[in-house]
Structure formats: C-alpha cells, structure tokens
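**Student:** The following block contains the structure, expressed as structure tokens.
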Amino acid sequence: VLRCLGIPTRVITNFNSAHDKNLNLSIDKYIDVSGNNLHLSEDSVWNFHVWNECWFIRRDLGSFYDGWQVLDATPQEKSKGIYQCGPASTRAIKEGDVNLDYDSPFVFAAVNADCVTWIRYSKKRKERIYSDTRKIGKFISTKAVGTNSRVDVTANYKYPEEISFKISYSQYKNSLMDDRKILLTAV
C-alpha cells in the first residue's frame, strides 16, 4: 500500500529476533539452583522476524530521525492500547534512543537485547549468572533492487559488536590503583 502511495518501502528480515515482553531490553531466563527452567519470563527469541521499513521525514521527532522507519504489520504486543508497531526510526534504534514514541524500545530489543540467565534462590533473591550481548539481531537483511541478492542492513540498526576492550591484568590493576589515588585525593 505504501509503495502505491509513492513511499519507498522494503521488507526487512531480522535473524535471532528478540521478543521482549516486559520491555526491560533483555531476554531473561530464570533457573533454579538445580538448573531447571522456571518459566518465569514470557520473553523469547525467534529464529527470525520480518517487518517493513518506509522512508519518512520525521517532523514530529526532528530531522535527525528522518529516513528508514520500522513498521511491523504483524505486531505481537499492544502499543497504546492497540496492536501496532511503529513507525520507529532506525536511527533511533541504532543510537539507543529508546525513550521515543512509536515502539522504539520494542524494536531496539528485537535487534539488540541481551540474553540474560538468572539463578533464582528465592522470591526475593536472584543472581545474574550469564549474559550474552551478541546473540540477538543477526544478518538483518533486505532484498537487493533488481536482483534476488541479499543486502545486509545490520549497520543501520546497531554498531559493530566486534569491538572489545581487552587489557592485561597489570593494566587493570594499575587502573584500579589510579582510581584509588583519585578517590583518596578527593577525600
């Protein structure tokens, strides 16, 4: 329909797509001390999910958010009381601007949530035992114009995850000592 109106539109596929039911930007799994799944979370990870992107000027959000916008024709959650999703700016998703209207937190989680495993000792005490920050939002793709080739658009949704900050133990120890000196000087 949007193409019929002259609005540029394309289909997007997100592999390892998170479904963050409680909008805490993580996919939580709870286990007991024996390692049994407690089924306390309705969060899930889908093999893939498909939505549309449309090219809009965003006067409501400002020109920074112009460009591709996510519209999901098959929303699984209510937004403002009805089943809808979007238009969420892909620029807002990439920048982590999850405080914007039109389901930005839900789409951000779909492509960038952390998968967290918690061990639950009691109703009041839990402990995070594992976190995978790289599992969600893989090979975000669309079809190339004029061919059946895949175009990877992951960089439109998130920054590269290969960046790691590895330092030696001695560097870490020295940085802690420097922090302690600063703290003692301030006191």
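Labels used: A, B, ... for chains in the order of the structure tokens, numbers from 1 for residues in each chain, and numbers from 1 for ligands as shown.
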List the neighbours of Ile82 (chain A) out to 12 Å using only C-alpha atoms; skip same-chain residues closer than 6 positions along the sequence, and give me the result as a VMD selection string.
**Tutor:** chain A and resid 75 to 76 102
**Student:** For the residues in that selection, give me C-alpha atoms as an mmCIF file, in the first residue's frame.
**Tutor:**
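Output (out.cif):
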```cif
data_model
loop_
_atom_site.group_PDB
_atom_site.id
_atom_site.type_symbol
_atom_site.label_atom_id
_atom_site.label_comp_id
_atom_site.auth_asym_id
_atom_site.auth_seq_id
_atom_site.Cartn_x
_atom_site.Cartn_y
_atom_site.Cartn_z
ATOM 1 C CA PRO A 75 2.772 -6.852 15.953
ATOM 2 C CA GLN A 76 2.536 -9.285 18.864
ATOM 3 C CA TYR A 102 6.218 4.517 18.339
#
```
**Student:** Please identify all polymer residues within 6 Å of Gly86 (chain A), counting only C-alpha atoms, omitting same-chain residues fewer than 3 positions from it, and present them as a PyMOL selection string.
**Tutor:** chain A and resi 70-71+102-103
**Student:** Have a look at CA of Thr9 (chain A) and CA of Pro160 (chain A) and let me know their distance in Å, one decimal.
**Tutor:** 24.9 Å
**Student:** Using only C-alpha atoms, which residue out of A:His39, A:Arg134, A:Lys29, A:His49 lies closest to Ile12 (chain A)?
**Tutor:**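 When distances to Ile12 (chain A) are compared using only C-alpha atoms, the smallest one comes from A:His49.
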**Student:** Could you tell me, as a VMD selection string, which residues of region 37-178 of chain A DSSP assigns to alpha helix (DSSP H) when given the backbone?
**Tutor:** chain A and resid 90 to 95 104 to 112 154 to 157 169 to 178
**Student:** Restricting the calculation to only C-alpha atoms: of A:Ser89, A:Leu2, A:Ile7, A:Thr147, which residue gets closest to Asp101 (chain A)?
**Tutor:**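 Closest candidate: A:Ser89.
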**Student:** Taking 5 positions as the minimum chain separation for residues in the same chain, which residues sit within 9 Å of Lys21 (chain A) when counting only C-alpha atoms? Answer as a ChimeraX atom specification.
**Tutor:** /A:27,41-44,77,106
**Student:** Using only C-alpha atoms, pick whichever of A:Lys78, A:Arg91, A:Asp60, A:Asn47 has the shortest atom-to-atom distance to Asn22 (chain A).
**Tutor:**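 Nearest to Asn22 (chain A): A:Lys78.
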**Student:** For Arg128 (chain A), work out the shell of residues within 8 Å, counting only C-alpha atoms and skipping chain neighbours fewer than 2 positions away, then give it as a ChimeraX atom specification.
**Tutor:** /A:116-119,126,130-131
**Student:** Report, in Å with one decimal, the straight-line distance from CA of Val45 (chain A) to CA of Asn16 (chain A).
**Tutor:**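 About the pair CA of Val45 (chain A) and CA of Asn16 (chain A): they are 6.1 Å apart.
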**Student:** If you measure from CA of Pro87 (chain A) to CA of Gln69 (chain A), what distance in Å do you get, rounded to one decimal?
**Tutor:**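 About the pair CA of Pro87 (chain A) and CA of Gln69 (chain A): they are 5.3 Å apart.
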**Student:** Which one of A:Arg10, A:Asn148, A:Leu100, A:Ser17 sits closest to Gly62 (chain A) if you count only C-alpha atoms?
**Tutor:**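 Under the stated criterion, the closest residue is A:Leu100.
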**Student:** Quick check for you: according to DSSP on this backbone, which residues of region 29-101 of chain A are classed as strand (DSSP E)? Reply as a PyMOL selection string.
**Tutor:** chain A and resi 29-31+44-56+67-71+78-79+82-83+88-89
